file work_31.pdb (PDB, C-alpha atoms, pLDDT in the B column)
MODEL        1
ATOM      1  CA  MET A  10    -137.694 -14.476  50.880  1.00 35.00           C
ATOM      2  CA  LYS A  11    -136.190 -16.984  48.462  1.00 41.00           C
ATOM      3  CA  SER A  12    -132.821 -17.661  50.061  1.00 49.00           C
ATOM      4  CA  MET A  13    -130.108 -16.298  52.320  1.00 63.00           C
ATOM      5  CA  ASN A  14    -126.591 -15.473  51.243  1.00 69.00           C
ATOM      6  CA  PHE A  15    -124.040 -17.371  53.347  1.00 79.00           C
ATOM      7  CA  ASP A  16    -121.106 -16.310  51.183  1.00 83.00           C
ATOM      8  CA  LYS A  17    -117.832 -16.079  53.128  1.00 89.00           C
ATOM      9  CA  GLU A  18    -119.382 -15.915  56.601  1.00 94.00           C
ATOM     10  CA  THR A  19    -117.382 -16.747  59.733  1.00 96.00           C
ATOM     11  CA  LEU A  20    -119.257 -19.025  62.129  1.00 97.00           C
ATOM     12  CA  LEU A  21    -118.405 -19.716  65.760  1.00 98.00           C
ATOM     13  CA  VAL A  22    -120.261 -22.636  67.332  1.00 98.00           C
ATOM     14  CA  ILE A  23    -120.164 -22.585  71.138  1.00 98.00           C
ATOM     15  CA  SER A  24    -120.614 -26.204  72.179  1.00 97.00           C
ATOM     16  CA  PRO A  25    -121.045 -27.470  75.760  1.00 94.00           C
ATOM     17  CA  HIS A  26    -119.473 -30.793  74.722  1.00 93.00           C
ATOM     18  CA  ALA A  27    -117.939 -32.329  71.634  1.00 94.00           C
ATOM     19  CA  ASP A  28    -120.849 -33.694  69.537  1.00 94.00           C
ATOM     20  CA  ASP A  29    -123.357 -30.895  70.257  1.00 95.00           C
ATOM     21  CA  GLU A  30    -121.946 -28.951  67.304  1.00 97.00           C
ATOM     22  CA  ILE A  31    -122.876 -31.757  64.868  1.00 97.00           C
ATOM     23  CA  LEU A  32    -126.266 -32.552  66.385  1.00 95.00           C
ATOM     24  CA  GLY A  33    -127.335 -28.911  66.396  1.00 95.00           C
ATOM     25  CA  CYS A  34    -125.408 -27.180  63.615  1.00 97.00           C
ATOM     26  CA  TYR A  35    -124.306 -29.676  60.962  1.00 97.00           C
ATOM     27  CA  GLY A  36    -126.345 -28.058  58.187  1.00 96.00           C
ATOM     28  CA  LEU A  37    -125.275 -24.525  59.082  1.00 96.00           C
ATOM     29  CA  MET A  38    -121.613 -25.513  59.311  1.00 97.00           C
ATOM     30  CA  LYS A  39    -121.753 -27.327  55.979  1.00 96.00           C
ATOM     31  CA  LYS A  40    -123.573 -24.473  54.249  1.00 95.00           C
ATOM     32  CA  ILE A  41    -120.998 -21.918  55.369  1.00 96.00           C
ATOM     33  CA  LYS A  42    -118.050 -24.119  54.353  1.00 96.00           C
ATOM     34  CA  ASN A  43    -119.616 -24.803  50.951  1.00 95.00           C
ATOM     35  CA  ASN A  44    -119.939 -21.056  50.383  1.00 94.00           C
ATOM     36  CA  GLY A  45    -116.322 -20.185  51.079  1.00 95.00           C
ATOM     37  CA  GLY A  46    -116.725 -19.311  54.749  1.00 96.00           C
ATOM     38  CA  LYS A  47    -114.937 -20.404  57.906  1.00 97.00           C
ATOM     39  CA  VAL A  48    -116.164 -22.478  60.843  1.00 98.00           C
ATOM     40  CA  PHE A  49    -114.709 -22.459  64.355  1.00 98.00           C
ATOM     41  CA  VAL A  50    -115.791 -24.416  67.441  1.00 98.00           C
ATOM     42  CA  GLN A  51    -115.393 -23.684  71.147  1.00 98.00           C
ATOM     43  CA  ILE A  52    -115.882 -26.775  73.315  1.00 96.00           C
ATOM     44  CA  LEU A  53    -116.395 -25.797  76.939  1.00 94.00           C
ATOM     45  CA  THR A  54    -115.832 -29.149  78.626  1.00 90.00           C
ATOM     46  CA  LEU A  55    -114.477 -32.501  77.504  1.00 86.00           C
ATOM     47  CA  GLY A  56    -113.550 -34.836  80.322  1.00 72.00           C
ATOM     48  CA  GLY A  57    -113.779 -38.447  81.350  1.00 62.00           C
ATOM     49  CA  TYR A  58    -117.035 -39.768  82.761  1.00 62.00           C
ATOM     50  CA  SER A  59    -118.578 -43.087  83.780  1.00 56.00           C
ATOM     51  CA  ARG A  60    -121.482 -44.762  82.041  1.00 56.00           C
ATOM     52  CA  ASN A  61    -122.632 -48.341  82.624  1.00 49.00           C
ATOM     53  CA  ASN A  62    -119.564 -48.949  84.819  1.00 49.00           C
ATOM     54  CA  ASP A  63    -117.282 -48.103  81.909  1.00 53.00           C
ATOM     55  CA  VAL A  64    -115.068 -45.019  81.988  1.00 55.00           C
ATOM     56  CA  VAL A  65    -115.024 -43.015  78.764  1.00 63.00           C
ATOM     57  CA  LYS A  66    -111.637 -41.320  78.779  1.00 79.00           C
ATOM     58  CA  LYS A  67    -110.950 -37.832  77.563  1.00 83.00           C
ATOM     59  CA  GLU A  68    -108.512 -39.057  74.883  1.00 87.00           C
ATOM     60  CA  ILE A  69    -111.213 -41.184  73.234  1.00 88.00           C
ATOM     61  CA  TRP A  70    -113.664 -38.324  73.097  1.00 89.00           C
ATOM     62  CA  LYS A  71    -111.060 -35.856  71.837  1.00 91.00           C
ATOM     63  CA  ASN A  72    -109.908 -38.213  69.081  1.00 93.00           C
ATOM     64  CA  GLU A  73    -113.515 -38.610  67.986  1.00 95.00           C
ATOM     65  CA  PHE A  74    -113.830 -34.830  67.807  1.00 95.00           C
ATOM     66  CA  LEU A  75    -110.610 -34.562  65.793  1.00 96.00           C
ATOM     67  CA  SER A  76    -112.026 -37.050  63.273  1.00 97.00           C
ATOM     68  CA  VAL A  77    -115.202 -34.994  63.004  1.00 97.00           C
ATOM     69  CA  SER A  78    -113.192 -31.781  62.634  1.00 97.00           C
ATOM     70  CA  LYS A  79    -111.234 -33.295  59.769  1.00 97.00           C
ATOM     71  CA  LEU A  80    -114.395 -34.508  58.060  1.00 97.00           C
ATOM     72  CA  MET A  81    -116.096 -31.110  58.439  1.00 97.00           C
ATOM     73  CA  LYS A  82    -112.920 -29.170  57.550  1.00 96.00           C
ATOM     74  CA  ILE A  83    -113.251 -27.033  60.675  1.00 97.00           C
ATOM     75  CA  ASP A  84    -110.882 -24.072  60.522  1.00 98.00           C
ATOM     76  CA  GLY A  85    -110.042 -23.964  64.226  1.00 98.00           C
ATOM     77  CA  PHE A  86    -111.177 -25.078  67.652  1.00 97.00           C
ATOM     78  CA  ASP A  87    -110.401 -24.813  71.339  1.00 97.00           C
ATOM     79  CA  ILE A  88    -111.313 -26.842  74.428  1.00 94.00           C
ATOM     80  CA  LYS A  89    -111.706 -25.030  77.737  1.00 92.00           C
ATOM     81  CA  PHE A  90    -111.744 -27.922  80.231  1.00 88.00           C
ATOM     82  CA  TYR A  91    -109.940 -31.096  79.161  1.00 83.00           C
ATOM     83  CA  GLU A  92    -109.574 -33.285  82.229  1.00 75.00           C
ATOM     84  CA  ASN A  93    -109.859 -36.863  83.410  1.00 65.00           C
ATOM     85  CA  ASP A  94    -112.799 -36.084  85.687  1.00 65.00           C
ATOM     86  CA  GLU A  95    -116.178 -34.912  84.500  1.00 69.00           C
ATOM     87  CA  LYS A  96    -116.512 -31.170  85.090  1.00 76.00           C
ATOM     88  CA  HIS A  97    -119.928 -29.509  85.034  1.00 83.00           C
ATOM     89  CA  LEU A  98    -120.008 -25.898  83.911  1.00 88.00           C
ATOM     90  CA  ASP A  99    -122.344 -24.691  86.660  1.00 86.00           C
ATOM     91  CA  THR A 100    -119.519 -25.333  89.160  1.00 86.00           C
ATOM     92  CA  ILE A 101    -117.214 -22.846  87.377  1.00 88.00           C
ATOM     93  CA  PRO A 102    -117.249 -19.069  88.087  1.00 91.00           C
ATOM     94  CA  GLN A 103    -119.174 -17.471  85.253  1.00 93.00           C
ATOM     95  CA  HIS A 104    -116.662 -14.685  84.654  1.00 93.00           C
ATOM     96  CA  LEU A 105    -113.991 -17.255  83.734  1.00 93.00           C
ATOM     97  CA  LEU A 106    -116.227 -18.792  81.083  1.00 94.00           C
ATOM     98  CA  ILE A 107    -117.258 -15.397  79.735  1.00 95.00           C
ATOM     99  CA  GLU A 108    -113.604 -14.329  79.458  1.00 95.00           C
ATOM    100  CA  TYR A 109    -112.826 -17.573  77.623  1.00 95.00           C
ATOM    101  CA  ILE A 110    -115.536 -16.919  75.027  1.00 96.00           C
ATOM    102  CA  THR A 111    -114.726 -13.246  74.551  1.00 94.00           C
ATOM    103  CA  SER A 112    -110.922 -13.135  74.682  1.00 93.00           C
ATOM    104  CA  LYS A 113    -109.017 -16.052  76.261  1.00 95.00           C
ATOM    105  CA  SER A 114    -109.883 -18.838  73.820  1.00 96.00           C
ATOM    106  CA  LYS A 115    -107.714 -19.470  70.755  1.00 97.00           C
ATOM    107  CA  VAL A 116    -110.913 -18.943  68.775  1.00 97.00           C
ATOM    108  CA  SER A 117    -112.436 -16.181  70.901  1.00 96.00           C
ATOM    109  CA  LEU A 118    -114.832 -13.514  69.678  1.00 95.00           C
ATOM    110  CA  GLN A 119    -112.057 -10.942  69.656  1.00 93.00           C
ATOM    111  CA  LYS A 120    -109.604 -13.166  67.767  1.00 95.00           C
ATOM    112  CA  ILE A 121    -111.755 -14.590  64.952  1.00 96.00           C
ATOM    113  CA  LYS A 122    -114.477 -11.900  64.827  1.00 95.00           C
ATOM    114  CA  PRO A 123    -117.317 -14.208  63.735  1.00 96.00           C
ATOM    115  CA  THR A 124    -120.233 -12.834  61.763  1.00 94.00           C
ATOM    116  CA  ILE A 125    -122.486 -15.613  63.120  1.00 95.00           C
ATOM    117  CA  VAL A 126    -122.447 -17.259  66.567  1.00 97.00           C
ATOM    118  CA  ALA A 127    -124.493 -20.369  67.353  1.00 98.00           C
ATOM    119  CA  ILE A 128    -125.185 -21.278  70.988  1.00 97.00           C
ATOM    120  CA  PRO A 129    -127.206 -24.104  72.575  1.00 95.00           C
ATOM    121  CA  THR A 130    -130.794 -23.481  73.585  1.00 92.00           C
ATOM    122  CA  ILE A 131    -131.680 -22.981  77.239  1.00 90.00           C
ATOM    123  CA  PHE A 132    -134.499 -25.499  76.796  1.00 87.00           C
ATOM    124  CA  SER A 133    -132.486 -28.524  77.896  1.00 84.00           C
ATOM    125  CA  THR A 134    -132.401 -31.059  80.706  1.00 80.00           C
ATOM    126  CA  HIS A 135    -128.589 -30.851  80.852  1.00 84.00           C
ATOM    127  CA  GLN A 136    -127.075 -28.252  83.172  1.00 87.00           C
ATOM    128  CA  ASP A 137    -124.062 -27.749  80.893  1.00 90.00           C
ATOM    129  CA  HIS A 138    -126.322 -26.703  78.017  1.00 90.00           C
ATOM    130  CA  VAL A 139    -128.271 -24.317  80.232  1.00 90.00           C
ATOM    131  CA  GLN A 140    -125.105 -22.769  81.659  1.00 94.00           C
ATOM    132  CA  THR A 141    -123.527 -22.445  78.207  1.00 95.00           C
ATOM    133  CA  TYR A 142    -126.604 -20.570  76.989  1.00 94.00           C
ATOM    134  CA  LYS A 143    -126.463 -18.143  79.931  1.00 94.00           C
ATOM    135  CA  ILE A 144    -122.759 -17.347  79.780  1.00 96.00           C
ATOM    136  CA  SER A 145    -122.825 -17.121  75.972  1.00 96.00           C
ATOM    137  CA  LEU A 146    -125.541 -14.469  76.027  1.00 94.00           C
ATOM    138  CA  ALA A 147    -123.609 -12.581  78.704  1.00 93.00           C
ATOM    139  CA  ALA A 148    -120.490 -12.683  76.520  1.00 93.00           C
ATOM    140  CA  LEU A 149    -122.482 -11.568  73.474  1.00 92.00           C
ATOM    141  CA  TRP A 150    -124.341  -8.724  75.201  1.00 82.00           C
ATOM    142  CA  THR A 151    -124.062  -5.516  73.203  1.00 70.00           C
ATOM    143  CA  HIS A 152    -123.912  -1.997  74.586  1.00 62.00           C
ATOM    144  CA  PRO A 153    -122.271   1.241  73.363  1.00 58.00           C
ATOM    145  CA  LYS A 154    -119.258   1.184  75.691  1.00 59.00           C
ATOM    146  CA  LYS A 155    -118.454  -2.507  75.264  1.00 59.00           C
ATOM    147  CA  THR A 156    -115.015  -3.045  73.734  1.00 54.00           C
ATOM    148  CA  SER A 157    -115.221  -6.764  72.880  1.00 57.00           C
ATOM    149  CA  PHE A 158    -116.354  -7.855  69.435  1.00 66.00           C
ATOM    150  CA  CYS A 159    -120.087  -8.422  68.877  1.00 75.00           C
ATOM    151  CA  PRO A 160    -121.279 -10.596  65.967  1.00 87.00           C
ATOM    152  CA  GLN A 161    -123.999  -9.536  63.585  1.00 87.00           C
ATOM    153  CA  THR A 162    -126.082 -12.698  63.986  1.00 93.00           C
ATOM    154  CA  ILE A 163    -126.770 -14.877  67.049  1.00 95.00           C
ATOM    155  CA  LEU A 164    -128.695 -18.147  66.814  1.00 96.00           C
ATOM    156  CA  SER A 165    -129.493 -20.887  69.302  1.00 96.00           C
ATOM    157  CA  TYR A 166    -129.617 -24.525  68.210  1.00 96.00           C
ATOM    158  CA  GLU A 167    -131.325 -27.640  69.529  1.00 92.00           C
ATOM    159  CA  SER A 168    -130.384 -31.282  70.128  1.00 80.00           C
ATOM    160  CA  PRO A 169    -132.532 -34.320  69.297  1.00 75.00           C
ATOM    161  CA  GLU A 170    -133.025 -35.474  72.881  1.00 67.00           C
ATOM    162  CA  TYR A 171    -133.998 -32.044  74.225  1.00 61.00           C
ATOM    163  CA  HIS A 172    -136.455 -30.623  71.702  1.00 55.00           C
ATOM    164  CA  SER A 173    -139.622 -31.534  73.634  1.00 57.00           C
ATOM    165  CA  TRP A 174    -138.567 -31.545  77.302  1.00 57.00           C
ATOM    166  CA  SER A 175    -136.400 -29.305  79.437  1.00 53.00           C
ATOM    167  CA  ALA A 176    -135.726 -27.875  82.877  1.00 57.00           C
ATOM    168  CA  TYR A 177    -137.464 -24.703  81.633  1.00 57.00           C
ATOM    169  CA  SER A 178    -140.684 -26.350  80.461  1.00 56.00           C
ATOM    170  CA  GLU A 179    -142.744 -23.812  82.405  1.00 56.00           C
ATOM    171  CA  LEU A 180    -141.376 -21.131  80.073  1.00 62.00           C
ATOM    172  CA  GLY A 181    -142.297 -23.112  76.975  1.00 68.00           C
ATOM    173  CA  GLN A 182    -140.254 -25.112  74.490  1.00 80.00           C
ATOM    174  CA  PHE A 183    -137.569 -24.395  71.959  1.00 86.00           C
ATOM    175  CA  SER A 184    -139.202 -22.039  69.466  1.00 88.00           C
ATOM    176  CA  PRO A 185    -137.512 -22.130  66.043  1.00 93.00           C
ATOM    177  CA  THR A 186    -137.674 -18.992  63.933  1.00 94.00           C
ATOM    178  CA  PHE A 187    -135.106 -19.954  61.288  1.00 94.00           C
ATOM    179  CA  PHE A 188    -135.050 -23.198  59.319  1.00 96.00           C
ATOM    180  CA  MET A 189    -132.390 -24.679  57.046  1.00 94.00           C
ATOM    181  CA  GLU A 190    -133.603 -27.288  54.568  1.00 95.00           C
ATOM    182  CA  LEU A 191    -131.556 -30.490  54.334  1.00 96.00           C
ATOM    183  CA  ASN A 192    -131.816 -33.022  51.527  1.00 96.00           C
ATOM    184  CA  LYS A 193    -131.602 -36.792  51.931  1.00 96.00           C
ATOM    185  CA  ARG A 194    -127.891 -36.864  51.133  1.00 97.00           C
ATOM    186  CA  GLU A 195    -127.177 -34.208  53.768  1.00 97.00           C
ATOM    187  CA  ILE A 196    -129.117 -36.165  56.389  1.00 97.00           C
ATOM    188  CA  VAL A 197    -127.046 -39.254  55.592  1.00 96.00           C
ATOM    189  CA  GLU A 198    -123.867 -37.173  55.855  1.00 97.00           C
ATOM    190  CA  LYS A 199    -124.988 -35.700  59.191  1.00 97.00           C
ATOM    191  CA  ILE A 200    -125.551 -39.192  60.589  1.00 96.00           C
ATOM    192  CA  LYS A 201    -122.156 -40.263  59.233  1.00 96.00           C
ATOM    193  CA  ALA A 202    -120.487 -37.335  60.975  1.00 96.00           C
ATOM    194  CA  PHE A 203    -122.201 -38.076  64.274  1.00 95.00           C
ATOM    195  CA  SER A 204    -121.369 -41.790  63.981  1.00 95.00           C
ATOM    196  CA  LEU A 205    -117.720 -40.843  64.494  1.00 96.00           C
ATOM    197  CA  TYR A 206    -118.687 -40.041  68.102  1.00 94.00           C
ATOM    198  CA  LYS A 207    -118.926 -43.705  69.041  1.00 91.00           C
ATOM    199  CA  SER A 208    -118.565 -43.017  72.756  1.00 87.00           C
ATOM    200  CA  GLN A 209    -121.527 -40.614  72.636  1.00 86.00           C
ATOM    201  CA  PHE A 210    -124.001 -42.914  70.889  1.00 84.00           C
ATOM    202  CA  ARG A 211    -127.186 -43.460  72.884  1.00 80.00           C
ATOM    203  CA  LYS A 212    -129.923 -45.562  71.328  1.00 81.00           C
ATOM    204  CA  ASN A 213    -133.251 -43.725  71.059  1.00 73.00           C
ATOM    205  CA  GLN A 214    -131.609 -40.493  72.254  1.00 72.00           C
ATOM    206  CA  ARG A 215    -128.496 -39.846  70.211  1.00 79.00           C
ATOM    207  CA  ASP A 216    -128.605 -42.018  67.112  1.00 87.00           C
ATOM    208  CA  GLY A 217    -129.430 -41.849  63.428  1.00 89.00           C
ATOM    209  CA  GLU A 218    -133.127 -42.512  63.912  1.00 92.00           C
ATOM    210  CA  LYS A 219    -133.452 -39.619  66.341  1.00 91.00           C
ATOM    211  CA  ILE A 220    -131.629 -37.288  63.953  1.00 93.00           C
ATOM    212  CA  ILE A 221    -133.989 -38.290  61.122  1.00 95.00           C
ATOM    213  CA  SER A 222    -137.069 -37.981  63.317  1.00 92.00           C
ATOM    214  CA  LEU A 223    -136.284 -34.421  64.403  1.00 93.00           C
ATOM    215  CA  ALA A 224    -135.263 -33.409  60.874  1.00 95.00           C
ATOM    216  CA  LYS A 225    -138.606 -34.671  59.550  1.00 96.00           C
ATOM    217  CA  THR A 226    -140.496 -32.808  62.263  1.00 94.00           C
ATOM    218  CA  ARG A 227    -138.734 -29.530  61.491  1.00 95.00           C
ATOM    219  CA  GLY A 228    -139.038 -30.097  57.761  1.00 97.00           C
ATOM    220  CA  ASN A 229    -142.773 -30.642  58.083  1.00 96.00           C
ATOM    221  CA  GLU A 230    -143.081 -27.243  59.785  1.00 95.00           C
ATOM    222  CA  ILE A 231    -141.873 -25.497  56.618  1.00 96.00           C
ATOM    223  CA  GLY A 232    -143.205 -27.923  54.001  1.00 97.00           C
ATOM    224  CA  VAL A 233    -140.010 -29.799  53.097  1.00 97.00           C
ATOM    225  CA  ASN A 234    -138.740 -33.299  53.825  1.00 97.00           C
ATOM    226  CA  TYR A 235    -135.942 -32.449  56.266  1.00 97.00           C
ATOM    227  CA  ALA A 236    -134.651 -29.365  58.064  1.00 97.00           C
ATOM    228  CA  GLU A 237    -132.545 -28.096  60.945  1.00 96.00           C
ATOM    229  CA  SER A 238    -134.031 -25.328  63.044  1.00 95.00           C
ATOM    230  CA  TYR A 239    -132.664 -22.427  65.045  1.00 96.00           C
ATOM    231  CA  HIS A 240    -133.977 -19.584  67.180  1.00 95.00           C
ATOM    232  CA  VAL A 241    -132.861 -16.135  66.058  1.00 94.00           C
ATOM    233  CA  HIS A 242    -131.713 -13.886  68.903  1.00 93.00           C
ATOM    234  CA  LYS A 243    -130.206 -11.178  66.724  1.00 90.00           C
ATOM    235  CA  ILE A 244    -129.750 -10.244  63.083  1.00 85.00           C
ATOM    236  CA  SER A 245    -128.176  -6.859  62.360  1.00 73.00           C
ATOM    237  CA  MET A 246    -127.236  -7.218  58.710  1.00 55.00           C
ATOM    238  CA  ILE A 247    -129.095  -7.567  55.420  1.00 51.00           C
ATOM    239  CA  TRP A 248    -128.745 -11.049  53.968  1.00 45.00           C
ATOM    240  CA  LEU A 249    -131.876 -11.133  51.843  1.00 46.00           C
ATOM    241  CA  PHE A 250    -131.722 -10.709  48.094  1.00 43.00           C
TER
ENDMDL
END
call {"tool": "encode", "arguments": {"input": "work_31.pdb", "output": "structure tokens"}}
result
Amino acid sequence: MKSMNFDKETLLVISPHADDEILGCYGLMKKIKNNGGKVFVQILTLGGYSRNNDVVKKEIWKNEFLSVSKLMKIDGFDIKFYENDEKHLDTIPQHLLIEYITSKSKVSLQKIKPTIVAIPTIFSTHQDHVQTYKISLAALWTHPKKTSFCPQTILSYESPEYHSWSAYSELGQFSPTFFMELNKREIVEKIKAFSLYKSQFRKNQRDGEKIISLAKTRGNEIGVNYAESYHVHKISMIWLF
């Protein structure tokens, strides 16, 4: 296989929070946009929370996301829970979240009919990531009598702080089966995009050095300098040429 054709694909990134889409899918989003495709983002929760006795308000986080969306030229987005208080997804009835993904969202499966859907990996220490993985797979489940739209390709993505430790360590670790090479310029651009999330910066967890470190690790696995990696859950179309 020499390459994959990403011409005019429609990507939906299901993101537990604003910033996960950049950390996990920057390269994929950029590749699809550069090849005439469309990119949409569902953010499941974006609320205020306290850290170091300082309240990060929902408006700050949303404005950061809007700046990122403009930079990435995202074609559309929706936010499920946008509240002053932090809301964890495992406290929400699953059927409500599944309905949001499949039909209720402004960028639902049924409305935008994505050819590719990217979801977070279950191998995470954060309950919102784990819950997003579970409800996303439920929403994307395919069977003959199902009426909702089912994409041709489903991938899960990782985040820098979760790639080697998770609540599901007994089941293993994130196991990438698809890699996207990034060059030095693209790594710099990815860090620039994430730097717009000033409220989400965490030294040695969510910062430029961590992004570079993981990109080098994944690149080394396929013999290049930098890469993003994904786990393939489903491919039902021929992309190879």
call {"tool": "closest_residue", "arguments": {"input": "work_31.pdb", "among": "A:Gln119, A:Gln214, A:Ser165, A:Gln103", "to": "Thr186 in chain A", "atoms": "all atoms listed in the file"}}
result
A:Ser165
call {"tool": "resolve_selection", "arguments": {"input": "work_31.pdb", "expression": "the PyMOL selection byres ((chain A and resi 14-31) around 7)", "output": "PyMOL selection string"}}
result
chain A and resi 12-13+32-35+41+44-55+74+123-129+137-138+141+203+206+248-249
call {"tool": "atom_distance", "arguments": {"input": "work_31.pdb", "atom1": "CA of Phe132 in chain A", "atom2": "CA of Tyr239 in chain A"}}
result
12.3 Å
call {"tool": "resolve_selection", "arguments": {"input": "work_31.pdb", "expression": "the PyMOL selection byres ((chain A and resi 223) around 9)", "output": "list in words"}}
result
Ser168, Pro169, His172, Glu218, Lys219, Ile220, Ile221, Ser222, Ala224, Lys225, Thr226, Arg227, Gly228, Tyr235, Ala236 and Glu237 of chain A
call {"tool": "resolve_selection", "arguments": {"input": "work_31.pdb", "expression": "the PyMOL selection byres ((chain A and resi 76-80) around 8)", "output": "list in words"}}
result
Asn72, Glu73, Phe74, Leu75, Met81, Lys82, Ile83, Ala202, Phe203, Leu205 and Tyr206 of chain A
call {"tool": "closest_residue", "arguments": {"input": "work_31.pdb", "among": "A:Gln209, A:Val139, A:Ile196, A:Leu191", "to": "Lys66 in chain A", "atoms": "all atoms listed in the file"}}
result
A:Gln209
call {"tool": "closest_residue", "arguments": {"input": "work_31.pdb", "among": "A:Ile231, A:Leu164, A:Ala148, A:Met189", "to": "Lys113 in chain A", "atoms": "only C-alpha atoms"}}
result
A:Ala148
call {"tool": "closest_residue", "arguments": {"input": "work_31.pdb", "among": "A:Ile144, A:Ile121, A:Ile131, A:Val197", "to": "Asp99 in chain A", "atoms": "all atoms listed in the file"}}
result
A:Ile144
call {"tool": "atom_distance", "arguments": {"input": "work_31.pdb", "atom1": "CA of Leu98 in chain A", "atom2": "CA of Ala147 in chain A"}}
result
14.7 Å
call {"tool": "atom_distance", "arguments": {"input": "work_31.pdb", "atom1": "CA of Gln136 in chain A", "atom2": "CA of Gly217 in chain A"}}
result
24.1 Å
call {"tool": "closest_residue", "arguments": {"input": "work_31.pdb", "among": "A:Glu230, A:Glu195, A:Ile244, A:Ser208", "to": "Leu37 in chain A", "atoms": "all atoms listed in the file"}}
result
A:Glu195
call {"tool": "axis_aligned_box", "arguments": {"input": "work_31.pdb", "around": "range 205-213 of chain A", "padding_each_side": "6 Å", "output": "AutoDock Vina command-line options"}}
result
--center_x -125.5 --center_y -42.8 --center_z 68.7 --size_x 27.5 --size_y 17.5 --size_z 20.4
call {"tool": "closest_residue", "arguments": {"input": "work_31.pdb", "among": "A:Val233, A:Phe210, A:His104, A:Ser112", "to": "Lys193 in chain A", "atoms": "all atoms listed in the file"}}
result
A:Val233
call {"tool": "build_atoms", "arguments": {"input": "work_31.pdb", "residues": "range 197-208 of chain A", "atoms": "N, CA and C atoms", "output": "mmCIF file, in the frame of the given file"}}
result
data_model
loop_
_atom_site.group_PDB
_atom_site.id
_atom_site.type_symbol
_atom_site.label_atom_id
_atom_site.label_comp_id
_atom_site.auth_asym_id
_atom_site.auth_seq_id
_atom_site.Cartn_x
_atom_site.Cartn_y
_atom_site.Cartn_z
ATOM 1 N N VAL A 197 -127.956 -38.101 55.505
ATOM 2 C CA VAL A 197 -127.046 -39.254 55.592
ATOM 3 C C VAL A 197 -125.657 -38.814 56.031
ATOM 4 N N GLU A 198 -125.191 -37.689 55.485
ATOM 5 C CA GLU A 198 -123.867 -37.173 55.855
ATOM 6 C C GLU A 198 -123.829 -36.706 57.308
ATOM 7 N N LYS A 199 -124.931 -36.129 57.789
ATOM 8 C CA LYS A 199 -124.988 -35.700 59.191
ATOM 9 C C LYS A 199 -124.888 -36.913 60.114
ATOM 10 N N ILE A 200 -125.607 -37.967 59.782
ATOM 11 C CA ILE A 200 -125.551 -39.192 60.589
ATOM 12 C C ILE A 200 -124.152 -39.797 60.538
ATOM 13 N N LYS A 201 -123.523 -39.753 59.366
ATOM 14 C CA LYS A 201 -122.156 -40.263 59.233
ATOM 15 C C LYS A 201 -121.198 -39.489 60.127
ATOM 16 N N ALA A 202 -121.355 -38.166 60.137
ATOM 17 C CA ALA A 202 -120.487 -37.335 60.975
ATOM 18 C C ALA A 202 -120.692 -37.661 62.448
ATOM 19 N N PHE A 203 -121.952 -37.775 62.866
ATOM 20 C CA PHE A 203 -122.201 -38.076 64.274
ATOM 21 C C PHE A 203 -121.736 -39.480 64.641
ATOM 22 N N SER A 204 -121.775 -40.408 63.698
ATOM 23 C CA SER A 204 -121.369 -41.790 63.981
ATOM 24 C C SER A 204 -119.900 -41.887 64.381
ATOM 25 N N LEU A 205 -119.116 -40.850 64.067
ATOM 26 C CA LEU A 205 -117.720 -40.843 64.494
ATOM 27 C C LEU A 205 -117.602 -40.672 66.007
ATOM 28 N N TYR A 206 -118.657 -40.154 66.643
ATOM 29 C CA TYR A 206 -118.687 -40.041 68.102
ATOM 30 C C TYR A 206 -119.225 -41.352 68.694
ATOM 31 N N LYS A 207 -118.459 -42.403 68.578
ATOM 32 C CA LYS A 207 -118.926 -43.705 69.041
ATOM 33 C C LYS A 207 -119.182 -43.726 70.547
ATOM 34 N N SER A 208 -118.391 -43.014 71.299
ATOM 35 C CA SER A 208 -118.565 -43.017 72.756
ATOM 36 C C SER A 208 -119.809 -42.251 73.186
#
